[in-house]
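Heads up, coords.pdb below (PDB, C-alpha atoms):
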```
ATOM      1  CA  VAL A   1      -0.476-124.193   4.393  1.00  0.00           C
ATOM      2  CA  ALA A   2       2.620-123.149   2.512  1.00  0.00           C
ATOM      3  CA  GLY A   3       0.539-120.735   0.459  1.00  0.00           C
ATOM      4  CA  ASN A   4      -0.889-119.221   3.573  1.00  0.00           C
ATOM      5  CA  HIS A   5       2.632-118.860   5.023  1.00  0.00           C
ATOM      6  CA  HIS A   6       3.818-116.877   2.003  1.00  0.00           C
ATOM      7  CA  SER A   7       0.698-114.716   2.148  1.00  0.00           C
ATOM      8  CA  SER A   8       1.363-113.770   5.792  1.00  0.00           C
ATOM      9  CA  ASP A   9       4.972-112.832   4.931  1.00  0.00           C
ATOM     10  CA  ALA A  10       3.708-110.432   2.252  1.00  0.00           C
ATOM     11  CA  TYR A  11       1.726-108.519   4.838  1.00  0.00           C
ATOM     12  CA  ARG A  12       4.415-108.642   7.535  1.00  0.00           C
ATOM     13  CA  LEU A  13       5.024-105.135   8.963  1.00  0.00           C
ATOM     14  CA  ALA A  14       8.376-103.445   8.388  1.00  0.00           C
ATOM     15  CA  PRO A  15      10.917-103.706  11.184  1.00  0.00           C
ATOM     16  CA  GLY A  16      10.722-100.810  13.702  1.00  0.00           C
ATOM     17  CA  TYR A  17       7.212 -99.937  12.695  1.00  0.00           C
ATOM     18  CA  ARG A  18       5.063 -98.846  15.608  1.00  0.00           C
ATOM     19  CA  PRO A  19       1.346 -98.445  15.218  1.00  0.00           C
ATOM     20  CA  GLY A  20       0.325 -94.761  15.386  1.00  0.00           C
ATOM     21  CA  SER A  21       3.784 -93.328  14.499  1.00  0.00           C
ATOM     22  CA  ARG A  22       2.515 -91.920  11.200  1.00  0.00           C
ATOM     23  CA  VAL A  23      -0.393 -90.227  12.973  1.00  0.00           C
ATOM     24  CA  LEU A  24       2.071 -88.799  15.501  1.00  0.00           C
ATOM     25  CA  ARG A  25       4.268 -87.402  12.760  1.00  0.00           C
ATOM     26  CA  ASN A  26       1.257 -85.817  11.079  1.00  0.00           C
ATOM     27  CA  ARG A  27       0.202 -84.207  14.347  1.00  0.00           C
ATOM     28  CA  LEU A  28       3.730 -82.951  14.991  1.00  0.00           C
ATOM     29  CA  GLY A  29       3.878 -81.513  11.501  1.00  0.00           C
ATOM     30  CA  THR A  30       0.552 -79.741  11.983  1.00  0.00           C
ATOM     31  CA  ALA A  31       1.610 -78.385  15.379  1.00  0.00           C
ATOM     32  CA  LEU A  32       4.905 -77.134  13.901  1.00  0.00           C
ATOM     33  CA  SER A  33       3.082 -75.412  11.041  1.00  0.00           C
ATOM     34  CA  MET A  34       0.708 -73.719  13.461  1.00  0.00           C
ATOM     35  CA  PHE A  35       3.640 -72.636  15.618  1.00  0.00           C
ATOM     36  CA  LEU A  36       5.396 -71.115  12.608  1.00  0.00           C
ATOM     37  CA  VAL A  37       2.223 -69.303  11.575  1.00  0.00           C
ATOM     38  CA  VAL A  38       1.751 -67.922  15.080  1.00  0.00           C
ATOM     39  CA  LEU A  39       5.435 -66.929  15.209  1.00  0.00           C
ATOM     40  CA  LEU A  40       5.158 -65.163  11.869  1.00  0.00           C
ATOM     41  CA  MET A  41       2.043 -63.316  13.023  1.00  0.00           C
ATOM     42  CA  PHE A  42       3.836 -62.333  16.221  1.00  0.00           C
ATOM     43  CA  VAL A  43       6.782 -60.970  14.251  1.00  0.00           C
ATOM     44  CA  ILE A  44       4.419 -59.031  11.960  1.00  0.00           C
ATOM     45  CA  VAL A  45       2.456 -57.579  14.884  1.00  0.00           C
ATOM     46  CA  VAL A  46       5.640 -56.621  16.771  1.00  0.00           C
ATOM     47  CA  GLY A  47       7.144 -55.077  13.641  1.00  0.00           C
ATOM     48  CA  TYR A  48       3.963 -53.137  12.941  1.00  0.00           C
ATOM     49  CA  SER A  49       3.848 -51.969  16.552  1.00  0.00           C
ATOM     50  CA  PHE A  50       7.405 -50.683  16.280  1.00  0.00           C
ATOM     51  CA  LYS A  51       6.531 -48.853  13.070  1.00  0.00           C
ATOM     52  CA  VAL A  52       3.420 -47.327  14.652  1.00  0.00           C
ATOM     53  CA  SER A  53       5.437 -46.321  17.704  1.00  0.00           C
ATOM     54  CA  ALA A  54       8.165 -44.770  15.544  1.00  0.00           C
ATOM     55  CA  ALA A  55       5.571 -42.916  13.447  1.00  0.00           C
ATOM     56  CA  ASP A  56       3.846 -41.693  16.602  1.00  0.00           C
ATOM     57  CA  GLN A  57       7.123 -40.442  18.048  1.00  0.00           C
ATOM     58  CA  GLU A  58       7.932 -38.702  14.773  1.00  0.00           C
ATOM     59  CA  ARG A  59       4.484 -37.096  14.717  1.00  0.00           C
ATOM     60  CA  LYS A  60       4.897 -35.881  18.298  1.00  0.00           C
ATOM     61  CA  ALA A  61       8.343 -34.475  17.472  1.00  0.00           C
ATOM     62  CA  ILE A  62       6.888 -32.586  14.493  1.00  0.00           C
ATOM     63  CA  GLU A  63       4.023 -31.259  16.616  1.00  0.00           C
ATOM     64  CA  GLN A  64       6.452 -30.082  19.297  1.00  0.00           C
ATOM     65  CA  GLU A  65       8.597 -28.355  16.654  1.00  0.00           C
ATOM     66  CA  LEU A  66       5.501 -26.651  15.234  1.00  0.00           C
ATOM     67  CA  VAL A  67       4.526 -25.467  18.705  1.00  0.00           C
ATOM     68  CA  ARG A  68       8.028 -24.069  19.276  1.00  0.00           C
ATOM     69  CA  ASN A  69       8.019 -22.301  15.902  1.00  0.00           C
ATOM     70  CA  GLU A  70       4.547 -20.929  16.507  1.00  0.00           C
ATOM     71  CA  GLN A  71       5.702 -19.596  19.870  1.00  0.00           C
ATOM     72  CA  LYS A  72       8.707 -17.912  18.226  1.00  0.00           C
ATOM     73  CA  TYR A  73       6.528 -16.310  15.565  1.00  0.00           C
ATOM     74  CA  ARG A  74       4.013 -15.223  18.195  1.00  0.00           C
ATOM     75  CA  GLU A  75       6.743 -13.559  20.251  1.00  0.00           C
ATOM     76  CA  LEU A  76       8.121 -11.882  17.126  1.00  0.00           C
ATOM     77  CA  PHE A  77       4.617 -10.700  16.276  1.00  0.00           C
ATOM     78  CA  ASP A  78       3.708  -9.501  19.773  1.00  0.00           C
ATOM     79  CA  TYR A  79       6.992  -7.885  20.807  1.00  0.00           C
ATOM     80  CA  ASN A  80       8.007  -6.315  17.504  1.00  0.00           C
ATOM     81  CA  GLN A  81       8.341  -2.548  17.934  1.00  0.00           C
ATOM     82  CA  GLY A  82       7.165  -2.045  14.371  1.00  0.00           C
ATOM     83  CA  MET A  83       3.507  -2.224  13.437  1.00  0.00           C
ATOM     84  CA  ILE A  84       2.407  -5.523  11.889  1.00  0.00           C
ATOM     85  CA  CYS A  85      -0.991  -5.838  10.284  1.00  0.00           C
ATOM     86  CA  ILE A  86      -2.567  -8.741   8.414  1.00  0.00           C
ATOM     87  CA  HIS A  87      -5.556  -8.115   6.177  1.00  0.00           C
ATOM     88  CA  ASP A  88      -7.341  -9.712   3.253  1.00  0.00           C
ATOM     89  CA  VAL A  89      -7.055  -8.458  -0.326  1.00  0.00           C
ATOM     90  CA  ASP A  90     -10.021  -6.127   0.244  1.00  0.00           C
ATOM     91  CA  GLY A  91      -8.374  -4.487   3.263  1.00  0.00           C
ATOM     92  CA  THR A  92     -10.331  -6.123   6.108  1.00  0.00           C
ATOM     93  CA  VAL A  93      -7.959  -6.484   9.070  1.00  0.00           C
ATOM     94  CA  THR A  94      -7.702 -10.009  10.475  1.00  0.00           C
ATOM     95  CA  ALA A  95      -4.832  -9.485  12.932  1.00  0.00           C
ATOM     96  CA  ALA A  96      -2.639  -6.722  14.294  1.00  0.00           C
ATOM     97  CA  ASN A  97       0.147  -6.640  16.851  1.00  0.00           C
ATOM     98  CA  PRO A  98       0.163  -4.551  20.049  1.00  0.00           C
ATOM     99  CA  ALA A  99       2.376  -1.887  18.438  1.00  0.00           C
ATOM    100  CA  VAL A 100      -0.543  -0.973  16.153  1.00  0.00           C
ATOM    101  CA  PHE A 101      -2.830  -0.400  19.152  1.00  0.00           C
ATOM    102  CA  THR A 102      -0.168   1.621  20.975  1.00  0.00           C
ATOM    103  CA  SER A 103       0.500   3.849  17.971  1.00  0.00           C
ATOM    104  CA  THR A 104      -3.122   4.547  17.038  1.00  0.00           C
ATOM    105  CA  GLY A 105      -4.834   4.373  20.427  1.00  0.00           C
ATOM    106  CA  TYR A 106      -7.457   2.004  19.066  1.00  0.00           C
ATOM    107  CA  SER A 107      -8.255  -1.287  20.778  1.00  0.00           C
ATOM    108  CA  ALA A 108      -8.028  -4.694  19.128  1.00  0.00           C
ATOM    109  CA  ASP A 109     -11.825  -4.842  18.815  1.00  0.00           C
ATOM    110  CA  GLU A 110     -11.840  -1.481  17.031  1.00  0.00           C
ATOM    111  CA  ILE A 111      -9.171  -2.465  14.498  1.00  0.00           C
ATOM    112  CA  VAL A 112      -9.672  -6.160  13.804  1.00  0.00           C
ATOM    113  CA  VAL A 113     -12.435  -6.800  11.218  1.00  0.00           C
ATOM    114  CA  SER A 114     -12.338  -3.098  10.270  1.00  0.00           C
ATOM    115  CA  ASN A 115     -11.023  -2.002   6.886  1.00  0.00           C
ATOM    116  CA  ILE A 116      -7.639  -0.280   6.847  1.00  0.00           C
ATOM    117  CA  SER A 117      -9.123   2.452   4.660  1.00  0.00           C
ATOM    118  CA  SER A 118     -11.250   3.580   7.605  1.00  0.00           C
ATOM    119  CA  PHE A 119      -8.086   4.742   9.404  1.00  0.00           C
ATOM    120  CA  VAL A 120      -6.835   6.790   6.448  1.00  0.00           C
ATOM    121  CA  PRO A 121      -7.804  10.519   6.257  1.00  0.00           C
ATOM    122  CA  ALA A 122     -10.399  11.526   3.667  1.00  0.00           C
ATOM    123  CA  GLU A 123      -7.914  13.469   1.526  1.00  0.00           C
ATOM    124  CA  ALA A 124      -5.770  10.325   1.108  1.00  0.00           C
ATOM    125  CA  GLN A 125      -8.553   7.837   0.345  1.00  0.00           C
ATOM    126  CA  HIS A 126      -7.781   7.992  -3.376  1.00  0.00           C
ATOM    127  CA  SER A 127      -4.329   6.497  -2.715  1.00  0.00           C
ATOM    128  CA  MET A 128      -5.850   3.335  -1.242  1.00  0.00           C
ATOM    129  CA  ALA A 129      -7.198   2.268  -4.632  1.00  0.00           C
ATOM    130  CA  GLY A 130      -3.648   2.437  -5.982  1.00  0.00           C
ATOM    131  CA  PHE A 131      -2.396   0.463  -3.003  1.00  0.00           C
ATOM    132  CA  PHE A 132      -4.844  -2.402  -3.546  1.00  0.00           C
ATOM    133  CA  ARG A 133      -4.214  -2.379  -7.288  1.00  0.00           C
ATOM    134  CA  GLN A 134      -0.450  -2.602  -6.772  1.00  0.00           C
ATOM    135  CA  ILE A 135      -0.830  -5.437  -4.267  1.00  0.00           C
ATOM    136  CA  GLU A 136      -3.045  -7.362  -6.676  1.00  0.00           C
ATOM    137  CA  HIS A 137      -0.814  -6.895  -9.744  1.00  0.00           C
ATOM    138  CA  ASP A 138       2.703  -6.814  -8.249  1.00  0.00           C
ATOM    139  CA  GLY A 139       2.213  -8.739  -5.021  1.00  0.00           C
ATOM    140  CA  LEU A 140       3.868  -5.998  -2.955  1.00  0.00           C
ATOM    141  CA  SER A 141       3.704  -2.325  -2.145  1.00  0.00           C
ATOM    142  CA  SER A 142       5.711   0.176  -0.114  1.00  0.00           C
ATOM    143  CA  GLY A 143       5.549   3.860   0.695  1.00  0.00           C
ATOM    144  CA  LEU A 144       4.122   6.342   3.181  1.00  0.00           C
ATOM    145  CA  LEU A 145       0.660   5.807   4.643  1.00  0.00           C
ATOM    146  CA  PRO A 146      -1.180   8.604   6.493  1.00  0.00           C
ATOM    147  CA  ILE A 147      -3.147   7.377   9.510  1.00  0.00           C
ATOM    148  CA  VAL A 148      -5.623   9.140  11.788  1.00  0.00           C
ATOM    149  CA  ALA A 149      -5.189   8.094  15.431  1.00  0.00           C
ATOM    150  CA  LYS A 150      -8.155   7.701  17.752  1.00  0.00           C
ATOM    151  CA  ASP A 151      -7.412  11.080  19.403  1.00  0.00           C
ATOM    152  CA  GLY A 152      -7.285  12.807  16.000  1.00  0.00           C
ATOM    153  CA  ARG A 153      -3.510  12.944  15.657  1.00  0.00           C
ATOM    154  CA  ARG A 154      -2.155  12.594  12.112  1.00  0.00           C
ATOM    155  CA  LEU A 155       0.453   9.883  11.828  1.00  0.00           C
ATOM    156  CA  THR A 156       2.674   8.863   8.962  1.00  0.00           C
ATOM    157  CA  TRP A 157       3.721   5.231   8.616  1.00  0.00           C
ATOM    158  CA  ARG A 158       6.408   3.998   6.280  1.00  0.00           C
ATOM    159  CA  TYR A 159       5.126   0.593   5.251  1.00  0.00           C
ATOM    160  CA  GLN A 160       6.040  -2.487   3.272  1.00  0.00           C
ATOM    161  CA  SER A 161       3.279  -4.931   2.350  1.00  0.00           C
ATOM    162  CA  ILE A 162       3.426  -8.276   0.593  1.00  0.00           C
ATOM    163  CA  LEU A 163       0.743 -10.567  -0.785  1.00  0.00           C
ATOM    164  CA  VAL A 164       0.896 -14.110   0.600  1.00  0.00           C
ATOM    165  CA  THR A 165      -0.664 -17.073  -1.202  1.00  0.00           C
ATOM    166  CA  GLU A 166      -0.892 -20.488   0.441  1.00  0.00           C
ATOM    167  CA  GLU A 167      -2.510 -23.663  -0.825  1.00  0.00           C
ATOM    168  CA  GLY A 168      -5.915 -24.161   0.721  1.00  0.00           C
ATOM    169  CA  ARG A 169      -6.163 -20.573   2.029  1.00  0.00           C
ATOM    170  CA  GLU A 170      -7.444 -17.312   0.666  1.00  0.00           C
ATOM    171  CA  PRO A 171      -4.662 -14.845  -0.262  1.00  0.00           C
ATOM    172  CA  TYR A 172      -3.817 -12.319   2.425  1.00  0.00           C
ATOM    173  CA  VAL A 173      -1.506  -9.349   2.937  1.00  0.00           C
ATOM    174  CA  ILE A 174       1.125  -8.898   5.630  1.00  0.00           C
ATOM    175  CA  GLY A 175       2.138  -5.317   6.247  1.00  0.00           C
ATOM    176  CA  HIS A 176       5.002  -4.019   8.388  1.00  0.00           C
ATOM    177  CA  ALA A 177       5.339  -0.339   9.209  1.00  0.00           C
ATOM    178  CA  ILE A 178       7.276   2.109  11.339  1.00  0.00           C
ATOM    179  CA  ASP A 179       6.038   5.450  12.587  1.00  0.00           C
ATOM    180  CA  VAL A 180       8.011   8.228  10.857  1.00  0.00           C
ATOM    181  CA  THR A 181       5.728  11.074  11.939  1.00  0.00           C
ATOM    182  CA  GLU A 182       8.361  12.822  14.049  1.00  0.00           C
ATOM    183  CA  LEU A 183      11.086  12.224  11.467  1.00  0.00           C
ATOM    184  CA  ILE A 184       9.067  13.851   8.692  1.00  0.00           C
ATOM    185  CA  ALA A 185       8.149  16.751  10.960  1.00  0.00           C
ATOM    186  CA  ALA A 186      11.842  17.268  11.794  1.00  0.00           C
ATOM    187  CA  GLN A 187      12.790  17.138   8.118  1.00  0.00           C
ATOM    188  CA  GLN A 188      10.108  19.681   7.293  1.00  0.00           C
ATOM    189  CA  GLN A 189      11.312  21.925  10.087  1.00  0.00           C
ATOM    190  CA  LEU A 190      14.904  21.762   8.857  1.00  0.00           C
ATOM    191  CA  ARG A 191      13.776  22.509   5.334  1.00  0.00           C
ATOM    192  CA  GLU A 192      11.829  25.559   6.490  1.00  0.00           C
ATOM    193  CA  MET A 193      14.799  26.745   8.555  1.00  0.00           C
ATOM    194  CA  SER A 194      17.077  26.482   5.540  1.00  0.00           C
ATOM    195  CA  LEU A 195      14.685  28.624   3.458  1.00  0.00           C
ATOM    196  CA  THR A 196      13.939  31.367   5.985  1.00  0.00           C
ATOM    197  CA  ASP A 197      15.964  33.923   7.883  1.00  0.00           C
ATOM    198  CA  GLU A 198      16.473  32.844  11.480  1.00  0.00           C
ATOM    199  CA  MET A 199      15.949  36.367  12.846  1.00  0.00           C
ATOM    200  CA  THR A 200      13.017  37.607  10.762  1.00  0.00           C
ATOM    201  CA  GLY A 201      11.375  34.338   9.736  1.00  0.00           C
ATOM    202  CA  LEU A 202      11.172  35.680   6.164  1.00  0.00           C
ATOM    203  CA  LEU A 203      12.383  33.816   3.089  1.00  0.00           C
ATOM    204  CA  ASN A 204      16.120  34.086   2.594  1.00  0.00           C
ATOM    205  CA  ARG A 205      17.926  34.040  -0.758  1.00  0.00           C
ATOM    206  CA  ARG A 206      17.643  30.237  -0.983  1.00  0.00           C
ATOM    207  CA  GLY A 207      13.981  30.463  -0.096  1.00  0.00           C
ATOM    208  CA  PHE A 208      13.305  32.959  -2.889  1.00  0.00           C
ATOM    209  CA  LEU A 209      15.200  30.816  -5.403  1.00  0.00           C
ATOM    210  CA  THR A 210      13.277  27.718  -4.349  1.00  0.00           C
ATOM    211  CA  LEU A 211       9.988  29.629  -4.598  1.00  0.00           C
ATOM    212  CA  ALA A 212      10.949  30.890  -8.057  1.00  0.00           C
ATOM    213  CA  GLU A 213      11.746  27.358  -9.231  1.00  0.00           C
ATOM    214  CA  GLN A 214       8.318  26.191  -8.131  1.00  0.00           C
TER     215      GLN A 214
END
```
Have the structure of the file written as structure tokens, please.
Amino acid sequence: VAGNHHSSDAYRLAPGYRPGSRVLRNRLGTALSMFLVVLLMFVIVVGYSFKVSAADQERKAIEQELVRNEQKYRELFDYNQGMICIHDVDGTVTAANPAVFTSTGYSADEIVVSNISSFVPAEAQHSMAGFFRQIEHDGLSSGLLPIVAKDGRRLTWRYQSILVTEEGREPYVIGHAIDVTELIAAQQQLREMSLTDEMTGLLNRRGFLTLAEQ
């Protein structure tokens, strides 16, 4: 009996022990782990959402800025009093501003996709080869360009052209010009007046000297 008494003491439960408490602690630990995992996922999702929202706002801001800049450039292109023409390296016109149409009398359909050489008089066609060669080698060109208007008028444009190269695009040329037809005519008239007698219209002394020098 005594032996049995000692054996029962060996298996006596510890004070305060309640059946199922270990299982409860395990369940609480599992629930807490799951809660932490869910909380971490929530934080990650919220953080990612904020980043996506910030990136989206930044993208929209950039798009709005691009639209504003494009509008500014469009207004500068459309309302510029000088002639602006964009063409490829072979001379095919891809865009022109309204000043070009006003000066020449041609419509947009008649100019765009045409070659600029087709608006140059026959006696000046040889100069176009030099123009294209200079653009290709130097990247820019400037000078006087004779133009034949739709009604047959001869115009003279003082131009500046530059070759533009952009990644992912074919090279193209932007040309800006002003009409100096009347200015050149006035200069020629003044020159003739300085070389001829006002009353007779014959060469004066300066005119004879100039002729002799030539």
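Atom pair CA of Asp151 (chain A) / CA of Gly105 (chain A) has a distance of 7.3 Å (rounded to one decimal).
Minimum atom-to-atom distances from A:Glu123, A:Ala185, A:Thr30, A:Ala177 to Asn80 (chain A) were compared using all atoms listed in the file, and the lowest value belongs to A:Ala177.
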Build an axis-aligned box that encloses every atom of region 71-89 of chain A listed in the file, pad it by 8 Å on each side, and report its centre and edge lengths in Å to one decimal, as JSON.
```
{"center_x": 0.7, "center_y": -10.8, "center_z": 10.2, "size_x": 32.0, "size_y": 33.6, "size_z": 37.1}
```
Residues near Gly175 (chain A), cut-off 8 Å, all atoms listed in the file, skip fewer than 6 positions along chain, as a ChimeraX atom specification: /A:83-86,159-162
Length of the CA of Ala95 (chain A) to CA of Thr165 (chain A) vector [Å]: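 Straight-line distance from CA of Ala95 (chain A) to CA of Thr165 (chain A) works out to 16.6 Å.
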Residues matched by the PyMOL selection byres ((chain A and resi 178) around 6), written as number ranges by chain: A: 82, 157-158, 177, 179
Selected residue, from A:Thr156, A:Thr94, A:Gln188, A:Thr181, that lies nearest to Val112 (chain A) when counting all atoms listed in the file: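 Looking at the shortest contact to Val112 (chain A), the residue is A:Thr94.
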Counting only C-alpha atoms, the residue of A:His137, A:His126, A:His176, A:Arg191 that sits nearest Asn97 (chain A): A:His176
The PyMOL selection byres ((chain A and resi 90-92) around 8) resolved against shown file, as number ranges by chain: A: 87-89, 93-94, 112-117, 132
Result set, the PyMOL selection byres ((chain A and resi 141) around 8) on current file, as a ChimeraX atom specification: /A:131,134-135,138-140,142-143,160-162
